[in-house]
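Since the structure comes first, as C-alpha cells, the remarks are kept for the end.
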Amino acid sequence: MTIGRVVPREIRLHPAWLLGPLGLLASVAVGLAQGYLQSAYVPLAVVGGLAAAGWLALVVFRPEWALLAYAFAAVNLNGVDLPTPIGGLRLSPDILLTSVLMVGMLLRLLLTRQGLSRLPITFPYLVFLAVPFITLALSPVPLQSVKGAFRFVGYYALMWLIVDVVRTPPQAMRMVGAILVSPAIPVLVGFYQLATGGGQVIRAGESFNRVYGLAGGPFTLAFYLVLVIPLLLVFLLERDLGDQGEADGPRPIYRRRRLLALLLVGSLLGLLFTFIRGAWLSLSVVVVLLGILRYRRLLFLFPVSVAGLLWLYAPAQARLAETLSPTSTWFGRLRLWNFALEWIATSPLVGVGMKAFEYYYVLLAAPITGAGIPRRVRFLIGQRPHNEVLGFLLDVGIIGTVAMVAVLFIVVRLAVRVYRRAPQPALRLFALGFLMSAAGMFIGAMGDNVFSQPSVAVYFWIMAGLIMAIERHMLAPTA
C-alpha cells in the first residue's frame, strides 16, 4: 500500500471576515465606555469617529467625490458649533472635515510620491505660514494662533488635492457646477429666516431681519455670495460655450440657464437681505467691471436695476443713508484702524502673532496714545481690524503680508493665462468669473475681514486651486 504525501491545506482569510469580530469588539468597547463614563459624549464620539473615518476614506480613495461634496456644502459647515470644545476653542464640522482632509492629503502624497512643490504658490505660501509658527512662542494666545495658522495649512492641503485630482475639463467643470449650485441651501435657509423672523435684527429706519443662512453671520453669507454671483452671471450671460458637455447624458449645470437664473436671483435677493453695505459695493464694482470687459449691456441694466430697487425698497435706502451718520460703523472702523496701526508699529516685520490682536491686544490700551476701543468687552473679543491688509500686518507682519500678496499675484496671473489660452470656452469663462470674484474679494478686503472668514475664504481657495489645476493639466504647452 502506497502512502501518499500529506499536502497541507492553505488557509486563506478574507478581510471581510474580520468585520464581524471587529464590530463585536467595538460594540463591547463602546458599551463598557458608556457604562463607566455615563456620558452622552461617548456615542457622539463614536459617531464622529465613524464619520471622520468615512470622510478620510472618501478623500483617499474617491477624492473627486469628496471635493465635490465639500465645494457644495462648505458654506454651511462653519456656522454650527459641535458640543465638544477643546481647550476653550470652538469646533465646527468644517474644522473637523478640514483636519481629516489634511490627513487624507498627506496619505495621498505618500501613496503617489509627489512633492509639495507642485503648486506654483508653494514658496511664498510656505513663507507666509512660517511666520506665525516661528513667532508662536511670543504669542499671548498660542492656541488661537495655532488655530489661525491651521486654517491656512488646510487651504493649502485643499488646493494641493484639487491640483492632484482635477486633471480633465469635465472634472474641472463638475467642480465649477458644485460651486454654482452651492447657494441653494444658504439662500433657502435665508428666505426661511426672512419669512419667520429668525434672522439677526438690524435697524434701518425700522427693525428688519438680516438673513445669514447657515453661514454663521450676515457678513459671511454676503461675501460668499459676492464670490459666487459673478460665476453665475458669466455662465448665464454667455451663449457660446462650444461643444463641451454636448455628449449623451444630462446637461451640465453650467448649461442649465433656468437653474442658473433662479440661483442668481435668489443669491442677489439673499445678498440684499444681509444688509452688508461693503458687499453691495464690492459686487457693484464687479458688475461694472464685467460690463466694461465683456458684457456691455450690464452698463445699462445694472444702474437701472439698482435705481429701481432703491426706489421700491426703502430699507435699502435707509441702510445706505446710515453710512454718513456719525454713529455709522465707518467712523468706528477708522478708530479701529488707527488703533491697529499703533500695534503694528510695535512689531512691523513679523506682526504681533496670528490672531493675537483680536483675542488679546484689542482689549488693551493702544501702546502710543493709550486710547482704547470704546466698546463692551464681549463685542471686542474676536474683533478683526476690518481691513485685511492691516489684519495680515498684525498677524504676520511685513514679511508674511508680502508673501501673501505674492501668492495672490501668482494666482491672478495664472487666471489671466487660463482666460486667454484655455482650450474650451467653459474653462475660459470660469477663469473670467474667478477674476471677477477675486476683484470683489480684494475690494471687500479694504473694509472687511473677507480672508479671515473660513466660509468665504475657502471658496476663494477652491477656485484658486481649480485655476492651478487647469493651468497645470489642461493648457497646451507654449512653443
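Going by the C-alpha cells order, chains are called A, B, ..., each with residues numbered from 1, while ligands are numbered from 1 in the order shown.
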
A:Pro132 surroundings by only C-alpha atoms, 9 Å radius, close-in-sequence under 4 positions cut, as JSON, numbers by chain: {"A": [128, 136, 139, 145, 146, 148, 149, 350, 351, 353, 354, 395, 396, 400]}

Would you save the residues of that selection, restricted to all heavy atoms, as a PDB file, in the first residue's frame?
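Written output follows (result-v8.pdb):
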ATOM      1  N   PHE A 128       4.731  82.588   4.110  1.00  0.00           N
ATOM      2  CA  PHE A 128       3.619  83.153   4.869  1.00  0.00           C
ATOM      3  C   PHE A 128       3.309  82.294   6.094  1.00  0.00           C
ATOM      4  O   PHE A 128       3.122  82.808   7.207  1.00  0.00           O
ATOM      5  CB  PHE A 128       2.388  83.259   3.971  1.00  0.00           C
ATOM      6  CG  PHE A 128       1.116  83.583   4.701  1.00  0.00           C
ATOM      7  CD1 PHE A 128       0.802  84.888   5.031  1.00  0.00           C
ATOM      8  CD2 PHE A 128       0.236  82.568   5.072  1.00  0.00           C
ATOM      9  CE1 PHE A 128      -0.371  85.186   5.723  1.00  0.00           C
ATOM     10  CE2 PHE A 128      -0.933  82.857   5.760  1.00  0.00           C
ATOM     11  CZ  PHE A 128      -1.240  84.165   6.083  1.00  0.00           C
ATOM     12  N   LEU A 136       5.266  81.774  17.344  1.00  0.00           N
ATOM     13  CA  LEU A 136       4.254  81.185  18.215  1.00  0.00           C
ATOM     14  C   LEU A 136       4.616  81.321  19.692  1.00  0.00           C
ATOM     15  O   LEU A 136       3.753  81.570  20.541  1.00  0.00           O
ATOM     16  CB  LEU A 136       4.061  79.709  17.858  1.00  0.00           C
ATOM     17  CG  LEU A 136       2.970  78.955  18.624  1.00  0.00           C
ATOM     18  CD1 LEU A 136       1.609  79.589  18.387  1.00  0.00           C
ATOM     19  CD2 LEU A 136       2.954  77.489  18.198  1.00  0.00           C
ATOM     20  N   SER A 139       3.428  84.554  21.185  1.00  0.00           N
ATOM     21  CA  SER A 139       2.009  84.897  21.116  1.00  0.00           C
ATOM     22  C   SER A 139       1.372  84.820  22.490  1.00  0.00           C
ATOM     23  O   SER A 139       1.566  83.839  23.224  1.00  0.00           O
ATOM     24  CB  SER A 139       1.278  83.954  20.162  1.00  0.00           C
ATOM     25  OG  SER A 139      -0.120  84.186  20.222  1.00  0.00           O
ATOM     26  N   SER A 145      -3.521  81.213  17.995  1.00  0.00           N
ATOM     27  CA  SER A 145      -2.538  81.388  16.928  1.00  0.00           C
ATOM     28  C   SER A 145      -2.394  80.116  16.108  1.00  0.00           C
ATOM     29  O   SER A 145      -2.338  80.158  14.875  1.00  0.00           O
ATOM     30  CB  SER A 145      -1.179  81.789  17.516  1.00  0.00           C
ATOM     31  OG  SER A 145      -1.256  83.052  18.149  1.00  0.00           O
ATOM     32  N   VAL A 146      -2.323  78.980  16.800  1.00  0.00           N
ATOM     33  CA  VAL A 146      -2.240  77.704  16.089  1.00  0.00           C
ATOM     34  C   VAL A 146      -3.495  77.476  15.245  1.00  0.00           C
ATOM     35  O   VAL A 146      -3.427  77.036  14.095  1.00  0.00           O
ATOM     36  CB  VAL A 146      -2.035  76.545  17.087  1.00  0.00           C
ATOM     37  CG1 VAL A 146      -2.198  75.201  16.390  1.00  0.00           C
ATOM     38  CG2 VAL A 146      -0.661  76.645  17.726  1.00  0.00           C
ATOM     39  N   GLY A 148      -5.477  79.743  13.955  1.00  0.00           N
ATOM     40  CA  GLY A 148      -5.467  80.630  12.798  1.00  0.00           C
ATOM     41  C   GLY A 148      -4.525  80.152  11.714  1.00  0.00           C
ATOM     42  O   GLY A 148      -4.870  80.156  10.523  1.00  0.00           O
ATOM     43  N   ALA A 149      -3.321  79.718  12.102  1.00  0.00           N
ATOM     44  CA  ALA A 149      -2.375  79.207  11.108  1.00  0.00           C
ATOM     45  C   ALA A 149      -2.865  77.896  10.518  1.00  0.00           C
ATOM     46  O   ALA A 149      -2.654  77.608   9.329  1.00  0.00           O
ATOM     47  CB  ALA A 149      -1.007  79.017  11.753  1.00  0.00           C
ATOM     48  N   VAL A 350       7.271  90.974  11.700  1.00  0.00           N
ATOM     49  CA  VAL A 350       6.616  89.673  11.837  1.00  0.00           C
ATOM     50  C   VAL A 350       5.264  89.756  12.530  1.00  0.00           C
ATOM     51  O   VAL A 350       4.619  88.740  12.768  1.00  0.00           O
ATOM     52  CB  VAL A 350       7.528  88.688  12.607  1.00  0.00           C
ATOM     53  CG1 VAL A 350       8.788  88.392  11.820  1.00  0.00           C
ATOM     54  CG2 VAL A 350       7.878  89.232  13.992  1.00  0.00           C
ATOM     55  N   GLY A 351       4.790  90.942  12.863  1.00  0.00           N
ATOM     56  CA  GLY A 351       3.490  91.098  13.480  1.00  0.00           C
ATOM     57  C   GLY A 351       3.489  90.756  14.959  1.00  0.00           C
ATOM     58  O   GLY A 351       4.518  90.413  15.539  1.00  0.00           O
ATOM     59  N   GLY A 353       1.572  88.336  16.201  1.00  0.00           N
ATOM     60  CA  GLY A 353       1.168  86.946  16.367  1.00  0.00           C
ATOM     61  C   GLY A 353      -0.177  86.686  15.716  1.00  0.00           C
ATOM     62  O   GLY A 353      -1.077  87.529  15.780  1.00  0.00           O
ATOM     63  N   MET A 354      -0.308  85.530  15.082  1.00  0.00           N
ATOM     64  CA  MET A 354      -1.568  85.170  14.432  1.00  0.00           C
ATOM     65  C   MET A 354      -2.710  85.179  15.445  1.00  0.00           C
ATOM     66  O   MET A 354      -2.630  84.537  16.503  1.00  0.00           O
ATOM     67  CB  MET A 354      -1.427  83.784  13.790  1.00  0.00           C
ATOM     68  CG  MET A 354      -2.661  83.300  13.062  1.00  0.00           C
ATOM     69  SD  MET A 354      -2.972  84.188  11.505  1.00  0.00           S
ATOM     70  CE  MET A 354      -1.752  83.441  10.415  1.00  0.00           C
ATOM     71  N   ASP A 395      -1.003  90.004  12.002  1.00  0.00           N
ATOM     72  CA  ASP A 395      -0.805  88.568  12.200  1.00  0.00           C
ATOM     73  C   ASP A 395       0.601  88.107  11.833  1.00  0.00           C
ATOM     74  O   ASP A 395       1.220  87.330  12.577  1.00  0.00           O
ATOM     75  CB  ASP A 395      -1.818  87.785  11.364  1.00  0.00           C
ATOM     76  CG  ASP A 395      -3.222  87.834  11.944  1.00  0.00           C
ATOM     77  OD1 ASP A 395      -3.365  88.225  13.119  1.00  0.00           O
ATOM     78  OD2 ASP A 395      -4.171  87.482  11.230  1.00  0.00           O
ATOM     79  N   VAL A 396       1.095  88.560  10.674  1.00  0.00           N
ATOM     80  CA  VAL A 396       2.364  88.020  10.156  1.00  0.00           C
ATOM     81  C   VAL A 396       3.341  89.104   9.720  1.00  0.00           C
ATOM     82  O   VAL A 396       4.390  88.796   9.143  1.00  0.00           O
ATOM     83  CB  VAL A 396       2.094  87.045   8.983  1.00  0.00           C
ATOM     84  CG1 VAL A 396       1.415  85.780   9.475  1.00  0.00           C
ATOM     85  CG2 VAL A 396       1.267  87.708   7.886  1.00  0.00           C
ATOM     86  N   GLY A 400       5.223  88.298   6.137  1.00  0.00           N
ATOM     87  CA  GLY A 400       4.111  87.425   5.771  1.00  0.00           C
ATOM     88  C   GLY A 400       3.134  88.084   4.820  1.00  0.00           C
ATOM     89  O   GLY A 400       2.588  87.427   3.926  1.00  0.00           O
TER      90      GLY A 400
END

Neighbour list for A:Met474 as a list in words, cut-off 10 Å, only C-alpha atoms, skip fewer than 4 positions in-chain: Val166, Arg167, Thr168, Pro169, Ala172, Val418, Arg421, Ala422, Pro423, Gln424, Leu427, Met468, Ala469 and Ile470 of chain A

Save out the residues we just selected, N, CA and C atoms, as an mmCIF file, in the first residue's frame.
data_model
loop_
_atom_site.group_PDB
_atom_site.id
_atom_site.type_symbol
_atom_site.label_atom_id
_atom_site.label_comp_id
_atom_site.auth_asym_id
_atom_site.auth_seq_id
_atom_site.Cartn_x
_atom_site.Cartn_y
_atom_site.Cartn_z
ATOM 1 N N VAL A 166 -7.997 66.923 -10.080
ATOM 2 C CA VAL A 166 -8.714 67.502 -11.222
ATOM 3 C C VAL A 166 -7.734 67.653 -12.388
ATOM 4 N N ARG A 167 -7.874 66.760 -13.383
ATOM 5 C CA ARG A 167 -6.914 66.719 -14.484
ATOM 6 C C ARG A 167 -7.542 66.866 -15.865
ATOM 7 N N THR A 168 -8.865 66.852 -15.960
ATOM 8 C CA THR A 168 -9.534 66.950 -17.251
ATOM 9 C C THR A 168 -10.588 68.047 -17.206
ATOM 10 N N PRO A 169 -10.957 68.602 -18.364
ATOM 11 C CA PRO A 169 -12.010 69.631 -18.379
ATOM 12 C C PRO A 169 -13.335 69.170 -17.776
ATOM 13 N N ALA A 172 -13.001 69.469 -14.057
ATOM 14 C CA ALA A 172 -12.972 70.870 -13.639
ATOM 15 C C ALA A 172 -14.368 71.469 -13.652
ATOM 16 N N VAL A 418 -5.196 81.358 -18.066
ATOM 17 C CA VAL A 418 -6.255 80.406 -18.388
ATOM 18 C C VAL A 418 -7.333 81.078 -19.226
ATOM 19 N N ARG A 421 -5.892 81.314 -22.782
ATOM 20 C CA ARG A 421 -5.361 80.183 -23.507
ATOM 21 C C ARG A 421 -6.085 78.864 -23.285
ATOM 22 N N ALA A 422 -7.098 78.825 -22.425
ATOM 23 C CA ALA A 422 -7.794 77.555 -22.179
ATOM 24 C C ALA A 422 -8.413 77.043 -23.474
ATOM 25 N N PRO A 423 -8.352 75.728 -23.707
ATOM 26 C CA PRO A 423 -8.817 75.190 -24.987
ATOM 27 C C PRO A 423 -10.326 75.187 -25.152
ATOM 28 N N GLN A 424 -11.090 75.325 -24.069
ATOM 29 C CA GLN A 424 -12.540 75.255 -24.154
ATOM 30 C C GLN A 424 -13.164 76.507 -23.555
ATOM 31 N N LEU A 427 -13.975 76.676 -19.718
ATOM 32 C CA LEU A 427 -12.830 76.901 -18.838
ATOM 33 C C LEU A 427 -12.436 78.370 -18.818
ATOM 34 N N MET A 468 -5.208 76.638 -10.798
ATOM 35 C CA MET A 468 -3.893 75.995 -10.889
ATOM 36 C C MET A 468 -3.984 74.624 -11.542
ATOM 37 N N ALA A 469 -5.087 73.891 -11.281
ATOM 38 C CA ALA A 469 -5.263 72.587 -11.909
ATOM 39 C C ALA A 469 -5.441 72.723 -13.419
ATOM 40 N N ILE A 470 -6.242 73.686 -13.836
ATOM 41 C CA ILE A 470 -6.454 73.904 -15.269
ATOM 42 C C ILE A 470 -5.149 74.317 -15.943
#

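Using only C-alpha atoms, the smallest distance between any of A:Gly79, A:Gly49, A:Pro63, A:Pro140 and A:Pro93 comes from A:Gly79.
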
Stretch 183-268 of chain A: residues DSSP assigns to strand (DSSP E or B), reported as an MDAnalysis selection string: chainID A and resid 200:203 207:210

Neighbour list for A:Ser182 as a PDB file with N, CA, C and O atoms, in the first residue's frame, cut-off 10 Å, only C-alpha atoms, skip fewer than 6 positions in-chain:
ATOM      1  N   ALA A  69     -18.425  67.261  -2.851  1.00  0.00           N
ATOM      2  CA  ALA A  69     -19.275  67.439  -1.669  1.00  0.00           C
ATOM      3  C   ALA A  69     -18.840  68.655  -0.866  1.00  0.00           C
ATOM      4  O   ALA A  69     -19.679  69.439  -0.388  1.00  0.00           O
ATOM      5  N   TYR A  70     -17.552  68.844  -0.718  1.00  0.00           N
ATOM      6  CA  TYR A  70     -17.045  69.965   0.072  1.00  0.00           C
ATOM      7  C   TYR A  70     -17.340  71.300  -0.614  1.00  0.00           C
ATOM      8  O   TYR A  70     -17.741  72.274   0.046  1.00  0.00           O
ATOM      9  N   ALA A  71     -17.159  71.343  -1.942  1.00  0.00           N
ATOM     10  CA  ALA A  71     -17.434  72.581  -2.675  1.00  0.00           C
ATOM     11  C   ALA A  71     -18.904  72.963  -2.579  1.00  0.00           C
ATOM     12  O   ALA A  71     -19.248  74.151  -2.537  1.00  0.00           O
ATOM     13  N   PHE A  72     -19.780  71.975  -2.528  1.00  0.00           N
ATOM     14  CA  PHE A  72     -21.211  72.271  -2.435  1.00  0.00           C
ATOM     15  C   PHE A  72     -21.610  72.712  -1.033  1.00  0.00           C
ATOM     16  O   PHE A  72     -22.409  73.624  -0.848  1.00  0.00           O
ATOM     17  N   ALA A  73     -21.031  72.091   0.001  1.00  0.00           N
ATOM     18  CA  ALA A  73     -21.549  72.252   1.361  1.00  0.00           C
ATOM     19  C   ALA A  73     -20.726  73.149   2.263  1.00  0.00           C
ATOM     20  O   ALA A  73     -21.177  73.485   3.363  1.00  0.00           O
ATOM     21  N   ALA A  74     -19.518  73.559   1.862  1.00  0.00           N
ATOM     22  CA  ALA A  74     -18.593  74.228   2.789  1.00  0.00           C
ATOM     23  C   ALA A  74     -19.177  75.482   3.419  1.00  0.00           C
ATOM     24  O   ALA A  74     -18.898  75.784   4.583  1.00  0.00           O
ATOM     25  N   VAL A  75     -20.005  76.220   2.699  1.00  0.00           N
ATOM     26  CA  VAL A  75     -20.545  77.475   3.228  1.00  0.00           C
ATOM     27  C   VAL A  75     -21.461  77.221   4.426  1.00  0.00           C
ATOM     28  O   VAL A  75     -21.690  78.123   5.239  1.00  0.00           O
ATOM     29  N   ASN A  76     -21.977  76.004   4.562  1.00  0.00           N
ATOM     30  CA  ASN A  76     -22.922  75.698   5.633  1.00  0.00           C
ATOM     31  C   ASN A  76     -22.280  75.036   6.850  1.00  0.00           C
ATOM     32  O   ASN A  76     -22.985  74.714   7.806  1.00  0.00           O
ATOM     33  N   VAL A 176     -16.851  73.227 -10.876  1.00  0.00           N
ATOM     34  CA  VAL A 176     -17.495  74.530 -11.078  1.00  0.00           C
ATOM     35  C   VAL A 176     -18.999  74.405 -10.860  1.00  0.00           C
ATOM     36  O   VAL A 176     -19.632  75.272 -10.233  1.00  0.00           O
ATOM     37  N   LEU A 225     -21.583  85.199  -1.224  1.00  0.00           N
ATOM     38  CA  LEU A 225     -22.379  85.461  -2.424  1.00  0.00           C
ATOM     39  C   LEU A 225     -21.653  86.385  -3.393  1.00  0.00           C
ATOM     40  O   LEU A 225     -21.806  86.256  -4.616  1.00  0.00           O
ATOM     41  N   VAL A 228     -19.693  84.028  -5.464  1.00  0.00           N
ATOM     42  CA  VAL A 228     -20.407  83.087  -6.326  1.00  0.00           C
ATOM     43  C   VAL A 228     -21.210  83.788  -7.420  1.00  0.00           C
ATOM     44  O   VAL A 228     -21.320  83.278  -8.547  1.00  0.00           O
ATOM     45  N   LEU A 263     -30.914  80.558  -9.408  1.00  0.00           N
ATOM     46  CA  LEU A 263     -29.875  80.687  -8.391  1.00  0.00           C
ATOM     47  C   LEU A 263     -29.351  82.118  -8.314  1.00  0.00           C
ATOM     48  O   LEU A 263     -29.071  82.626  -7.220  1.00  0.00           O
TER      49      LEU A 263
END

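Closest approach to A:Met159 among A:Val127, A:Leu67, A:Ala403, A:Leu111: A:Leu67, based on only C-alpha atoms.
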
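Nearest-residue note for A:Ser99: choosing from A:Trp55, A:Trp280, A:Phe223, A:Phe357, the minimum distance belongs to A:Trp55, counting only C-alpha atoms.
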
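Using only C-alpha atoms, the contacts of stretch 297-302 of chain A at a cut-off of 10 Å, with sequence neighbours closer than 6 positions omitted, comprise A:Leu237, A:Ser284, A:Val287, A:Val288, A:Leu289, A:Leu290, A:Gly291, A:Gly308.
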
Gap from atom CA of A:Leu432 to atom CA of A:Arg413 - Å, one decimal: 11.9 Å

Residue set, stretch 85-239 of chain A restricted to helix (DSSP H, G or I), as a ChimeraX atom specification: /A:93-112,116-118,122-134,136-138,142-165,169-181,184-196,218-237

List the spatial neighbours of A:Ala340 as a short mmCIF file (atom, residue, chain, number, x, y, z; two decimals) with all heavy atoms, in the first residue's frame - criterion: any atom at most 10 Å away, only C-alpha atoms, same-chain residues fewer than 2 positions off excluded.
data_model
loop_
_atom_site.label_atom_id
_atom_site.label_comp_id
_atom_site.auth_asym_id
_atom_site.auth_seq_id
_atom_site.Cartn_x
_atom_site.Cartn_y
_atom_site.Cartn_z
N LEU A 334 -12.61 103.57 11.31
CA LEU A 334 -11.47 104.48 11.25
C LEU A 334 -10.72 104.50 12.57
O LEU A 334 -9.48 104.49 12.61
CB LEU A 334 -11.94 105.89 10.87
CG LEU A 334 -12.42 106.09 9.43
CD1 LEU A 334 -12.93 107.52 9.24
CD2 LEU A 334 -11.29 105.81 8.44
N ARG A 335 -11.46 104.53 13.68
CA ARG A 335 -10.82 104.50 15.00
C ARG A 335 -10.10 103.17 15.21
O ARG A 335 -8.99 103.12 15.76
CB ARG A 335 -11.87 104.72 16.10
CG ARG A 335 -12.45 106.13 16.15
CD ARG A 335 -13.25 106.36 17.42
NE ARG A 335 -14.44 105.53 17.46
CZ ARG A 335 -15.62 105.91 16.98
NH1 ARG A 335 -15.77 107.10 16.40
NH2 ARG A 335 -16.67 105.10 17.07
N LEU A 336 -10.72 102.10 14.77
CA LEU A 336 -10.11 100.78 14.93
C LEU A 336 -8.84 100.67 14.09
O LEU A 336 -7.85 100.07 14.53
CB LEU A 336 -11.11 99.69 14.53
CG LEU A 336 -10.68 98.24 14.72
CD1 LEU A 336 -10.35 97.96 16.19
CD2 LEU A 336 -11.76 97.29 14.24
N TRP A 337 -8.82 101.26 12.89
CA TRP A 337 -7.62 101.22 12.04
C TRP A 337 -6.46 101.96 12.71
O TRP A 337 -5.33 101.50 12.68
CB TRP A 337 -7.93 101.83 10.68
CG TRP A 337 -8.89 101.01 9.86
CD1 TRP A 337 -9.31 99.74 10.14
CD2 TRP A 337 -9.55 101.40 8.67
NE1 TRP A 337 -10.20 99.31 9.19
CE2 TRP A 337 -10.38 100.30 8.26
CE3 TRP A 337 -9.56 102.56 7.90
CZ2 TRP A 337 -11.17 100.35 7.11
CZ3 TRP A 337 -10.35 102.60 6.75
CH2 TRP A 337 -11.14 101.51 6.37
N ASN A 338 -6.75 103.13 13.28
CA ASN A 338 -5.69 103.87 13.98
C ASN A 338 -5.15 103.07 15.17
O ASN A 338 -3.95 103.05 15.43
CB ASN A 338 -6.23 105.22 14.46
CG ASN A 338 -6.49 106.18 13.31
OD1 ASN A 338 -5.79 106.14 12.30
ND2 ASN A 338 -7.49 107.03 13.44
N GLU A 342 -1.14 101.37 15.62
CA GLU A 342 -0.24 101.51 16.75
C GLU A 342 0.35 100.16 17.16
O GLU A 342 1.54 100.06 17.50
CB GLU A 342 -0.97 102.15 17.93
CG GLU A 342 -1.36 103.61 17.69
CD GLU A 342 -1.79 104.29 18.98
OE1 GLU A 342 -1.12 104.08 20.01
OE2 GLU A 342 -2.79 105.05 18.95
N TRP A 343 -0.44 99.10 17.12
CA TRP A 343 0.08 97.79 17.47
C TRP A 343 0.98 97.23 16.37
O TRP A 343 1.96 96.52 16.66
CB TRP A 343 -1.07 96.82 17.77
CG TRP A 343 -1.66 97.07 19.13
CD1 TRP A 343 -2.86 97.61 19.42
CD2 TRP A 343 -1.02 96.79 20.37
NE1 TRP A 343 -3.03 97.71 20.77
CE2 TRP A 343 -1.92 97.20 21.40
CE3 TRP A 343 0.20 96.25 20.75
CZ2 TRP A 343 -1.61 97.09 22.75
CZ3 TRP A 343 0.51 96.12 22.09
CH2 TRP A 343 -0.39 96.54 23.08
N ILE A 344 0.69 97.54 15.12
CA ILE A 344 1.57 97.12 14.02
C ILE A 344 2.96 97.72 14.21
O ILE A 344 3.98 97.06 13.97
CB ILE A 344 0.97 97.53 12.67
CG1 ILE A 344 -0.28 96.69 12.37
CG2 ILE A 344 1.99 97.37 11.54
CD1 ILE A 344 -1.06 97.17 11.17
N ALA A 345 3.01 98.97 14.66
CA ALA A 345 4.30 99.65 14.83
C ALA A 345 5.17 98.99 15.90
O ALA A 345 6.39 99.16 15.90
CB ALA A 345 4.06 101.12 15.19
N PHE A 357 -4.03 89.93 17.99
CA PHE A 357 -4.69 91.23 18.10
C PHE A 357 -6.15 91.06 18.51
O PHE A 357 -6.62 91.71 19.45
CB PHE A 357 -4.61 91.97 16.76
CG PHE A 357 -5.36 93.29 16.75
CD1 PHE A 357 -4.80 94.42 17.29
CD2 PHE A 357 -6.64 93.37 16.21
CE1 PHE A 357 -5.48 95.63 17.29
CE2 PHE A 357 -7.33 94.56 16.19
CZ PHE A 357 -6.76 95.70 16.74
N GLU A 358 -6.87 90.20 17.83
CA GLU A 358 -8.31 90.13 18.05
C GLU A 358 -8.69 89.43 19.35
O GLU A 358 -9.82 89.59 19.83
CB GLU A 358 -8.99 89.44 16.87
CG GLU A 358 -8.49 88.04 16.60
CD GLU A 358 -8.69 87.63 15.16
OE1 GLU A 358 -7.80 87.88 14.35
OE2 GLU A 358 -9.75 87.05 14.86
N TYR A 361 -4.73 91.87 22.24
CA TYR A 361 -4.32 93.27 22.22
C TYR A 361 -5.49 94.23 22.00
O TYR A 361 -5.41 95.39 22.42
CB TYR A 361 -3.27 93.49 21.12
CG TYR A 361 -1.97 92.79 21.42
CD1 TYR A 361 -1.58 91.67 20.71
CD2 TYR A 361 -1.13 93.23 22.44
CE1 TYR A 361 -0.38 91.02 20.99
CE2 TYR A 361 0.06 92.59 22.74
CZ TYR A 361 0.43 91.48 22.00
OH TYR A 361 1.60 90.83 22.30
N VAL A 362 -6.57 93.77 21.37
CA VAL A 362 -7.71 94.65 21.15
C VAL A 362 -8.37 95.06 22.48
O VAL A 362 -9.07 96.07 22.55
CB VAL A 362 -8.74 93.97 20.22
CG1 VAL A 362 -9.51 92.87 20.95
CG2 VAL A 362 -9.69 94.98 19.60
N ALA A 366 -3.98 101.36 23.56
CA ALA A 366 -3.02 101.50 22.47
C ALA A 366 -1.65 101.84 23.03
O ALA A 366 -1.54 102.62 23.99
CB ALA A 366 -3.48 102.58 21.49
N ARG A 384 -11.58 91.70 14.43
CA ARG A 384 -10.54 91.98 13.44
C ARG A 384 -10.56 93.47 13.11
O ARG A 384 -11.53 94.18 13.41
CB ARG A 384 -10.77 91.17 12.17
CG ARG A 384 -10.71 89.67 12.34
CD ARG A 384 -9.32 89.16 12.45
NE ARG A 384 -8.59 89.29 11.19
CZ ARG A 384 -7.32 89.01 11.03
NH1 ARG A 384 -6.61 88.61 12.05
NH2 ARG A 384 -6.73 89.13 9.86
N PRO A 385 -9.51 94.00 12.46
CA PRO A 385 -9.47 95.44 12.19
C PRO A 385 -10.32 95.88 11.00
O PRO A 385 -10.26 97.03 10.60
CB PRO A 385 -7.98 95.69 11.92
CG PRO A 385 -7.47 94.39 11.41
CD PRO A 385 -8.23 93.33 12.14
N HIS A 386 -11.12 94.98 10.40
CA HIS A 386 -11.96 95.33 9.26
C HIS A 386 -11.14 95.90 8.10
O HIS A 386 -11.57 96.81 7.40
CB HIS A 386 -13.06 96.31 9.67
CG HIS A 386 -14.15 95.68 10.49
ND1 HIS A 386 -15.15 94.91 9.96
CD2 HIS A 386 -14.35 95.67 11.83
CE1 HIS A 386 -15.94 94.47 10.91
NE2 HIS A 386 -15.47 94.91 12.06
N ASN A 387 -9.99 95.36 7.91
CA ASN A 387 -9.14 95.69 6.77
C ASN A 387 -8.09 94.57 6.71
O ASN A 387 -7.30 94.42 7.65
CB ASN A 387 -8.47 97.06 6.94
CG ASN A 387 -7.59 97.42 5.76
OD1 ASN A 387 -6.59 96.76 5.49
ND2 ASN A 387 -7.96 98.48 5.05
N LEU A 390 -4.31 95.45 7.07
CA LEU A 390 -3.94 95.66 8.48
C LEU A 390 -3.99 94.34 9.24
O LEU A 390 -3.14 94.08 10.11
CB LEU A 390 -4.89 96.67 9.12
CG LEU A 390 -4.86 98.10 8.56
CD1 LEU A 390 -5.86 98.97 9.30
CD2 LEU A 390 -3.47 98.69 8.65
N GLY A 391 -4.96 93.50 8.92
CA GLY A 391 -5.08 92.22 9.61
C GLY A 391 -3.86 91.33 9.39
O GLY A 391 -3.33 90.73 10.33
N LEU A 393 -0.86 92.39 8.46
CA LEU A 393 0.29 93.03 9.09
C LEU A 393 0.33 92.76 10.59
O LEU A 393 1.40 92.58 11.17
CB LEU A 393 0.25 94.54 8.84
CG LEU A 393 0.58 95.00 7.41
CD1 LEU A 393 0.31 96.48 7.25
CD2 LEU A 393 2.04 94.68 7.06
N LEU A 394 -0.83 92.70 11.21
CA LEU A 394 -0.89 92.34 12.62
C LEU A 394 -0.51 90.88 12.85
O LEU A 394 0.22 90.54 13.77
CB LEU A 394 -2.28 92.60 13.17
CG LEU A 394 -2.67 94.06 13.41
CD1 LEU A 394 -4.18 94.20 13.55
CD2 LEU A 394 -1.97 94.61 14.65
#

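Using only C-alpha atoms, the residues found no farther than 9 Å from A:Tyr224, other than those of its own chain fewer than 3 positions away, are Val75, Pro183, Ala215, Phe219, Thr220, Leu221, Leu227, Val228, Ile229, Val450, Ser455, Val456, Ala457, Tyr459 and Phe460 of chain A.
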
Top pick for closest residue to A:Val141, considering A:Arg417, A:Arg319, A:Lys355, A:His473 and counting only C-alpha atoms: A:Lys355
